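Undergrad: Take a look at the following structure, please.
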Amino acid sequence: MITNFEYVQKILQQILDSYYFLQNLKDQTGDLQIIKKELLKITGFFNVLQIKIGTESYQTHDLLDLKSKINSYSENYYFVKEIDTMSSLYSTDKDRIKNMRLKVLESFQDKRLIDTMNELMEK
């Protein structure tokens with residue numbers, strides 16, 4: 001049986017896998033849909049973490065800090081609508097695809113969200 005912290009780490013690993021996958025995209029035609037898919041996956045995992053960390057058995061200082069950063073991310077960033085708009089207009093423009101990908105990756109740097117996830121994985 002896995003502990004609560006191991007459960008959170010497994011979810012974090014899936015988020016980080018998607019993040020690093022986005023980092024390694026080559027900004028080709030069709031990548032906007034891949035970015036959208038990975039973002040939706042990450043957002044779903046964030047929702048699971050927000051719910052889980054809200055329960056008593058998951059409330060440690062590290063996890064509560066992570067939850068506040070996830071809440072901030074969820075309130076401030078939502079790229080899916082913008083990606084949908086871009087897909088119909090600029091799906092073959094490599095520079096716009098690259099810019100969108102970099103903006104998405106940059107958003108995970110806000111409040112050191114990605115760093116916090118990496119630190120929790122190392123524990």
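To be explicit about the labels: the chains of the structure tokens are called A, B, and onward in the order shown, and within each one the residues are counted from 1, while ligands get numbers from 1 in the order they are shown.
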Under the rule of at most 7 Å, produce a per-residue listing of range 73-97 of chain A near range 31-49 of chain A: chain, number, name, the closest pair of atoms, and the distance in Å, as a Markdown table, using only C-alpha atoms.
TA:
| residue | atom | partner | partner_atom | distance |
| --- | --- | --- | --- | --- |
| A:Val80 | CA | A:Lys36 | CA | 6.0 |
| A:Ile83 | CA | A:Leu32 | CA | 6.5 |
| A:Ser87 | CA | A:Leu32 | CA | 6.5 |
| A:Ser91 | CA | A:Leu32 | CA | 6.9 |
| A:Ile97 | CA | A:Leu32 | CA | 6.4 |
Undergrad: DSSP on the backbone, alpha helix (DSSP H) only: what residues of chain A does that give? Format it as a PyMOL selection string.
TA: chain A and resi 4-23+31-53+61-76+80-90+94-107+113-122
Undergrad: If we count only C-alpha atoms and set the cut-off at 8 Å, which residues sit around Leu22 in chain A, ignoring sequence neighbours fewer than 3 positions away in its own chain? Please answer as a PyMOL selection string.
TA: chain A and resi 18-19+25+35+38+101+105
Undergrad: Generate the output file for the selected residues, C-alpha atoms, as an mmCIF file, in the first residue's frame.
TA:
data_model
loop_
_atom_site.group_PDB
_atom_site.id
_atom_site.type_symbol
_atom_site.label_atom_id
_atom_site.label_comp_id
_atom_site.auth_asym_id
_atom_site.auth_seq_id
_atom_site.Cartn_x
_atom_site.Cartn_y
_atom_site.Cartn_z
ATOM 1 C CA SER A 18 4.144 16.292 -19.450
ATOM 2 C CA TYR A 19 6.143 19.427 -18.642
ATOM 3 C CA LEU A 25 8.702 19.677 -28.654
ATOM 4 C CA ILE A 35 0.367 21.332 -26.191
ATOM 5 C CA GLU A 38 -0.689 17.997 -22.285
ATOM 6 C CA ARG A 101 4.926 26.645 -26.021
ATOM 7 C CA LEU A 105 6.456 26.620 -19.960
#
Undergrad: Excluding range 109-118 of chain A and residues on its chain fewer than 4 positions from it, collect all residues at most 8 Å away from it, counting only C-alpha atoms, and give them as a list in words.
TA: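 The contact residues come out as Leu12, Leu16, Leu66, Lys69, Ile70, Tyr73, Leu105 and Glu122 of chain A.
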Undergrad: Mind dumping the selected residues with C-alpha atoms as a PDB file, in the first residue's frame?
TA:
ATOM      1  CA  LEU A  12       3.641  14.969  -9.651  1.00  0.00           C
ATOM      2  CA  LEU A  16       6.584  16.654 -14.697  1.00  0.00           C
ATOM      3  CA  LEU A  66       2.132  23.260  -3.341  1.00  0.00           C
ATOM      4  CA  LYS A  69       0.871  27.538  -5.902  1.00  0.00           C
ATOM      5  CA  ILE A  70      -1.458  25.280  -7.893  1.00  0.00           C
ATOM      6  CA  TYR A  73      -1.664  28.852 -11.369  1.00  0.00           C
ATOM      7  CA  LEU A 105       6.456  26.620 -19.960  1.00  0.00           C
ATOM      8  CA  GLU A 122      13.436  14.601  -4.497  1.00  0.00           C
TER       9      GLU A 122
END
Undergrad: My list of candidates is A:Asp95, A:Glu119, A:Glu75, A:Asp84. Which is closest to Ser107 in chain A when distances are computed with only C-alpha atoms?
TA: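 The answer is A:Glu75, which sits nearest to Ser107 in chain A.
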Undergrad: Interatomic distance between CA of Leu89 in chain A and CA of Asp27 in chain A?
TA: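 If I compute the distance from CA of Leu89 in chain A to CA of Asp27 in chain A, I get 15.5 Å.
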